[in-house]
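As stored in structure12.csv (CSV, C-alpha atoms):
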```
chain,number,residue,atom,x,y,z
A,411,LEU,CA,-144.2,45.0,-115.4
A,412,GLU,CA,-144.8,42.3,-118.0
A,413,ASN,CA,-148.3,41.4,-116.8
A,414,PRO,CA,-150.5,42.0,-113.7
A,415,ALA,CA,-149.7,39.8,-110.7
A,416,ALA,CA,-152.6,38.7,-108.6
A,417,LEU,CA,-152.2,39.7,-104.9
A,418,VAL,CA,-154.3,38.3,-102.1
A,419,ALA,CA,-153.9,39.7,-98.6
A,420,GLY,CA,-155.8,38.8,-95.5
A,421,ALA,CA,-155.4,37.7,-91.8
A,422,GLU,CA,-155.0,34.0,-92.8
A,423,GLU,CA,-153.2,34.3,-96.1
A,424,ILE,CA,-151.0,36.5,-98.2
A,425,SER,CA,-150.1,35.4,-101.7
A,426,LEU,CA,-148.5,37.0,-104.8
A,427,ALA,CA,-148.8,35.2,-108.1
A,428,GLN,CA,-145.7,35.3,-110.3
A,429,GLY,CA,-144.9,38.8,-111.5
A,430,CYS,CA,-142.1,39.7,-113.8
A,431,LEU,CA,-140.2,43.0,-114.5
A,432,SER,CA,-138.2,43.5,-117.7
A,433,ARG,CA,-135.7,46.2,-118.5
A,434,GLU,CA,-133.3,46.2,-121.4
A,435,ALA,CA,-132.4,42.5,-121.8
A,436,GLY,CA,-132.9,41.7,-118.1
A,437,ARG,CA,-135.8,40.0,-116.4
A,438,ILE,CA,-136.7,39.5,-112.8
A,439,CYS,CA,-139.6,37.3,-111.6
A,440,ALA,CA,-140.9,36.6,-108.1
A,441,GLN,CA,-143.8,34.8,-106.4
A,442,GLY,CA,-144.7,33.7,-102.9
A,443,ASN,CA,-147.3,33.0,-100.3
A,444,TRP,CA,-147.9,32.8,-96.6
A,445,ARG,CA,-150.7,30.9,-94.8
A,446,ARG,CA,-151.1,31.0,-91.0
A,447,THR,CA,-151.5,27.2,-90.8
A,448,LEU,CA,-149.0,26.2,-93.4
A,449,GLY,CA,-146.1,28.7,-93.3
A,450,TRP,CA,-144.5,30.6,-96.2
A,451,ASN,CA,-142.5,30.1,-99.4
A,452,VAL,CA,-140.8,32.4,-101.8
A,453,THR,CA,-139.4,31.8,-105.3
A,454,ALA,CA,-137.5,34.4,-107.3
A,455,SER,CA,-135.2,34.5,-110.4
A,456,ALA,CA,-133.2,36.9,-112.5
A,457,ARG,CA,-131.9,36.5,-116.0
A,458,HIS,CA,-129.5,38.7,-117.9
A,459,PHE,CA,-129.9,41.4,-115.3
A,460,PRO,CA,-127.5,44.3,-116.2
A,461,LEU,CA,-125.1,45.0,-113.3
A,462,SER,CA,-125.0,48.6,-114.4
A,463,LEU,CA,-128.5,49.0,-112.9
A,464,MET,CA,-126.9,48.3,-109.5
A,465,GLN,CA,-124.4,51.2,-109.6
A,466,PRO,CA,-126.6,53.5,-107.5
A,467,LEU,CA,-126.2,51.1,-104.6
A,468,PHE,CA,-122.4,51.7,-104.6
A,469,GLN,CA,-120.2,54.8,-104.8
A,470,GLN,CA,-121.0,57.0,-107.8
A,471,ASP,CA,-117.6,56.6,-109.3
A,472,ILE,CA,-117.8,52.7,-109.5
A,473,GLY,CA,-118.5,51.3,-113.0
A,474,LEU,CA,-120.0,47.9,-113.5
A,475,THR,CA,-120.4,45.9,-116.7
A,476,GLY,CA,-121.8,42.4,-117.3
A,477,SER,CA,-125.0,40.7,-116.3
A,478,MET,CA,-126.3,38.5,-113.5
A,479,ASP,CA,-128.4,35.4,-113.3
A,480,ALA,CA,-129.9,34.5,-109.9
A,481,ASP,CA,-132.3,31.9,-108.4
A,482,VAL,CA,-133.8,32.0,-104.9
A,483,VAL,CA,-136.0,29.4,-103.3
A,484,ALA,CA,-136.9,29.6,-99.6
A,485,ARG,CA,-139.6,28.0,-97.6
A,486,ALA,CA,-140.6,27.7,-93.9
A,487,PRO,CA,-143.4,25.3,-93.3
A,488,TYR,CA,-145.4,25.7,-90.1
A,489,ALA,CA,-144.5,22.2,-89.1
A,490,GLY,CA,-141.3,21.1,-90.8
A,491,THR,CA,-137.8,22.0,-91.7
A,492,SER,CA,-137.1,25.5,-93.1
A,493,SER,CA,-134.7,25.7,-96.1
A,494,ALA,CA,-133.3,28.1,-98.6
A,495,THR,CA,-131.2,27.9,-101.7
A,496,ILE,CA,-129.6,30.9,-103.4
A,497,GLY,CA,-127.5,30.9,-106.5
A,498,LEU,CA,-125.8,33.9,-108.3
A,499,ARG,CA,-123.8,33.7,-111.5
A,500,LEU,CA,-122.1,36.6,-113.3
A,501,SER,CA,-121.3,36.8,-117.0
A,502,PRO,CA,-117.9,38.1,-118.1
A,503,GLY,CA,-117.7,41.8,-117.1
A,504,SER,CA,-115.6,44.3,-115.2
A,505,VAL,CA,-115.4,46.6,-112.2
A,506,ARG,CA,-113.9,50.1,-112.6
A,507,HIS,CA,-112.9,52.5,-109.9
A,508,PRO,CA,-110.6,55.6,-109.8
A,509,ALA,CA,-107.6,54.8,-107.6
A,510,ARG,CA,-105.7,58.1,-107.6
A,511,GLY,CA,-106.0,61.2,-109.6
A,512,GLU,CA,-106.5,60.4,-113.3
A,513,HIS,CA,-105.6,56.7,-112.7
A,514,GLN,CA,-108.4,54.2,-113.0
A,515,VAL,CA,-108.4,50.6,-111.8
A,516,GLN,CA,-110.2,48.1,-113.9
A,517,VAL,CA,-110.6,44.4,-112.9
A,518,ASP,CA,-112.0,42.1,-115.6
A,519,TYR,CA,-113.5,38.8,-114.7
A,520,ASP,CA,-114.4,35.8,-116.8
A,521,THR,CA,-116.9,34.2,-114.4
A,522,ALA,CA,-118.1,34.6,-110.9
A,523,SER,CA,-120.6,32.6,-108.9
A,524,ALA,CA,-121.9,32.3,-105.3
A,525,THR,CA,-124.2,29.8,-103.7
A,526,LEU,CA,-125.8,29.4,-100.3
A,527,GLN,CA,-127.8,26.4,-99.1
A,528,ALA,CA,-129.4,26.5,-95.7
A,529,LYS,CA,-131.3,23.7,-93.8
A,530,GLN,CA,-131.7,22.3,-90.3
A,531,GLY,CA,-129.9,25.3,-88.7
A,532,ARG,CA,-126.8,25.1,-90.9
A,533,ALA,CA,-125.7,26.9,-94.0
A,534,GLN,CA,-123.1,26.1,-96.6
A,535,SER,CA,-121.8,28.8,-98.9
A,536,HIS,CA,-119.3,29.0,-101.7
A,537,LEU,CA,-117.7,31.8,-103.8
A,538,SER,CA,-115.7,31.3,-107.0
A,539,VAL,CA,-114.2,34.1,-109.0
A,540,ARG,CA,-112.1,33.7,-112.2
A,541,LEU,CA,-110.3,37.0,-113.1
A,542,LYS,CA,-109.2,37.6,-116.6
A,543,ASN,CA,-105.5,37.0,-116.7
A,544,GLN,CA,-105.2,38.1,-113.1
A,545,GLY,CA,-105.9,35.1,-110.9
A,546,THR,CA,-108.6,33.1,-109.0
A,547,LEU,CA,-110.4,33.2,-105.7
A,548,ASP,CA,-112.3,30.3,-104.1
A,549,ALA,CA,-113.9,30.4,-100.7
A,550,SER,CA,-116.3,28.2,-98.8
A,551,LEU,CA,-117.9,28.6,-95.4
A,552,ALA,CA,-120.2,26.4,-93.3
A,553,PHE,CA,-121.9,28.2,-90.4
A,554,PRO,CA,-125.0,28.2,-88.2
A,555,LEU,CA,-128.1,29.9,-89.7
A,556,ASN,CA,-131.5,29.5,-88.3
A,557,LEU,CA,-134.2,30.5,-90.8
A,558,SER,CA,-136.9,30.6,-88.1
A,559,GLY,CA,-135.4,33.8,-86.7
A,560,THR,CA,-134.1,32.3,-83.4
A,561,THR,CA,-130.5,33.0,-82.4
A,562,ALA,CA,-128.0,30.3,-83.2
A,563,PRO,CA,-126.1,28.8,-80.1
A,564,ALA,CA,-123.0,30.7,-79.3
A,565,ASP,CA,-120.9,27.5,-79.4
A,566,ALA,CA,-122.1,26.5,-82.8
A,567,SER,CA,-119.1,25.6,-85.0
A,568,MET,CA,-118.1,27.2,-88.2
A,569,GLN,CA,-115.5,26.1,-90.7
A,570,GLY,CA,-114.3,27.2,-94.1
A,571,ASP,CA,-111.4,27.6,-96.5
A,572,ILE,CA,-110.2,30.6,-98.6
A,573,ASN,CA,-107.7,30.1,-101.4
A,574,ALA,CA,-106.5,32.9,-103.7
A,575,SER,CA,-103.9,33.2,-106.4
A,576,LEU,CA,-103.4,36.7,-107.9
A,577,HIS,CA,-100.9,37.0,-110.8
A,578,ASP,CA,-101.5,40.7,-110.9
A,579,LEU,CA,-102.0,42.8,-107.7
A,580,SER,CA,-103.9,45.6,-109.3
A,581,PRO,CA,-107.3,44.3,-108.0
A,582,LEU,CA,-106.2,45.2,-104.5
A,583,ALA,CA,-106.6,48.8,-105.3
A,584,LEU,CA,-110.4,48.3,-105.4
A,585,PHE,CA,-110.3,47.6,-101.6
A,586,PHE,CA,-107.2,49.8,-100.8
A,587,PRO,CA,-107.5,53.0,-103.0
A,588,GLN,CA,-104.3,54.4,-101.5
A,589,LEU,CA,-102.3,51.8,-103.4
A,590,TYR,CA,-101.0,52.9,-106.8
A,591,GLN,CA,-99.1,51.0,-109.5
A,592,THR,CA,-99.1,47.7,-107.7
A,593,ARG,CA,-96.8,44.9,-108.9
A,594,GLY,CA,-96.1,41.3,-108.1
A,595,ARG,CA,-98.2,38.3,-107.3
A,596,LEU,CA,-99.9,36.9,-104.2
A,597,ASP,CA,-100.9,33.4,-103.1
A,598,ALA,CA,-103.1,32.8,-100.0
A,599,SER,CA,-104.5,29.8,-98.3
A,600,TRP,CA,-106.5,30.4,-95.1
A,601,GLN,CA,-108.7,28.2,-92.9
A,602,VAL,CA,-111.7,29.5,-90.8
A,603,ARG,CA,-112.5,27.6,-87.7
A,604,GLY,CA,-114.0,28.1,-84.3
A,605,THR,CA,-117.5,29.4,-83.3
A,606,LEU,CA,-119.6,32.5,-84.0
A,607,GLN,CA,-118.3,34.2,-80.8
A,608,ARG,CA,-114.7,33.0,-81.2
A,609,PRO,CA,-113.8,32.6,-84.9
A,610,ARG,CA,-110.2,31.6,-85.7
A,611,LEU,CA,-108.4,32.4,-88.9
A,612,SER,CA,-105.1,30.7,-89.8
A,613,GLY,CA,-103.1,30.1,-92.9
A,614,GLN,CA,-100.4,31.4,-95.2
A,615,LEU,CA,-100.1,34.6,-97.2
A,616,THR,CA,-97.2,34.5,-99.7
A,617,PRO,CA,-96.3,37.6,-101.7
A,618,LYS,CA,-93.7,37.5,-104.5
A,619,ASP,CA,-92.0,40.5,-106.1
A,620,GLY,CA,-94.6,42.8,-104.6
A,621,ALA,CA,-94.5,46.5,-104.8
A,622,ALA,CA,-96.8,49.5,-104.7
A,623,ASP,CA,-96.8,53.3,-104.5
A,624,ILE,CA,-98.5,54.8,-101.5
A,625,PRO,CA,-99.0,58.6,-101.8
```
When written as structure tokens, how does the structure in this file appear?
Amino acid sequence: LENPAALVAGAEEISLAQGCLSREAGRICAQGNWRRTLGWNVTASARHFPLSLMQPLFQQDIGLTGSMDADVVARAPYAGTSSATIGLRLSPGSVRHPARGEHQVQVDYDTASATLQAKQGRAQSHLSVRLKNQGTLDASLAFPLNLSGTTAPADASMQGDINASLHDLSPLALFFPQLYQTRGRLDASWQVRGTLQRPRLSGQLTPKDGAADIP
């Protein structure tokens, strides 16, 4: 903890002044408050946070390198519109995982980012990944999200697009460990439509010169 953070807690108000934690080159800061008559708000950020510190959240044999920057701003006024903005950005790094026996899968990425903006019962999200010499992934999704905690209508619409181009299929082994020595490329273009209760996925998946060993 870089410095003491003032905390006020009572029946009418709870507030936390900005407090920051530092470890290695990383830094995380947060502050927020709630008042019975005004609502609540939260602000948080992370800079150069080492992804290796997140390894305990995953399987023990997963290795992570690189760092993350993040920003979170959320507010829910007592009388007004709730909103939230979240942004994540990863510096160049890698993900490593044993696929089979002594074989290890390593996926290197140049950049990766994710954003989410929510307001007036709707959310817009976007994911972008640029793999190092292996391809790209872009996905966006708009969907109902009520920050007040009430359930979104079952007929609320959702729509999105997923586009991927993999020049090297080895990253698939991260999700399907039974695959070994994958070869070829894969292009995908999908559309997400429908509602929360009845989502629809349609599009094209185009493999080329694909092959893999399955033990």
Hey, can you check how far atom CA of Ala489 of chain A sits from atom CA of Gly449 of chain A?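 So the answer is 7.9 Å.
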From the set A:Ala574, A:Ala480, A:Ile472, A:Ala552, which residue has the shortest atom-to-atom contact distance to Arg437 of chain A, counting only C-alpha atoms?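 For Arg437 of chain A, the nearest of the candidates is A:Ala480.
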Which of these, A:His458, A:Thr616, A:Asp479, A:Glu422, has the shortest distance to Ile496 of chain A once you count all atoms listed in the file? A:Asp479
Name the residues in contact with Arg506 of chain A at a cut-off of 9 Å, using all atoms listed in the file, excluding same-chain residues fewer than 5 positions from it; report them as a compact mmCIF listing (two decimals) with C-alpha atoms, keeping the file's coordinate frame.
```
# COMPACT_ATOMS: atom_id res chain seq x y z
CA ASP A 471 -117.60 56.60 -109.30
CA ILE A 472 -117.80 52.70 -109.50
CA GLY A 473 -118.50 51.30 -113.00
CA LEU A 474 -120.00 47.90 -113.50
CA THR A 475 -120.40 45.90 -116.70
CA GLN A 514 -108.40 54.20 -113.00
CA VAL A 515 -108.40 50.60 -111.80
CA GLN A 516 -110.20 48.10 -113.90
CA VAL A 517 -110.60 44.40 -112.90
CA ASP A 518 -112.00 42.10 -115.60
CA LEU A 584 -110.40 48.30 -105.40
```
Rounded to one decimal place, report the atom CA of Leu500 of chain A-atom CA of Leu431 of chain A distance in Å. 19.2 Å
Using only C-alpha atoms: which of A:Leu606, A:Leu576, A:Ala421, A:Leu596 has the shortest distance to Phe553 of chain A: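 Of all the options, A:Leu606 lies closest to Phe553 of chain A.
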What does the structure give for the distance between atom CA of Ser580 of chain A and atom CA of Ser462 of chain A, in Å to one decimal?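 Separating atom CA of Ser580 of chain A from atom CA of Ser462 of chain A is a distance of 21.9 Å.
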Here is a test: counting all atoms listed in the file, which residue of A:Pro414, A:Gly420, A:Gly497, A:Gly570 is nearest to Thr453 of chain A? A:Gly497
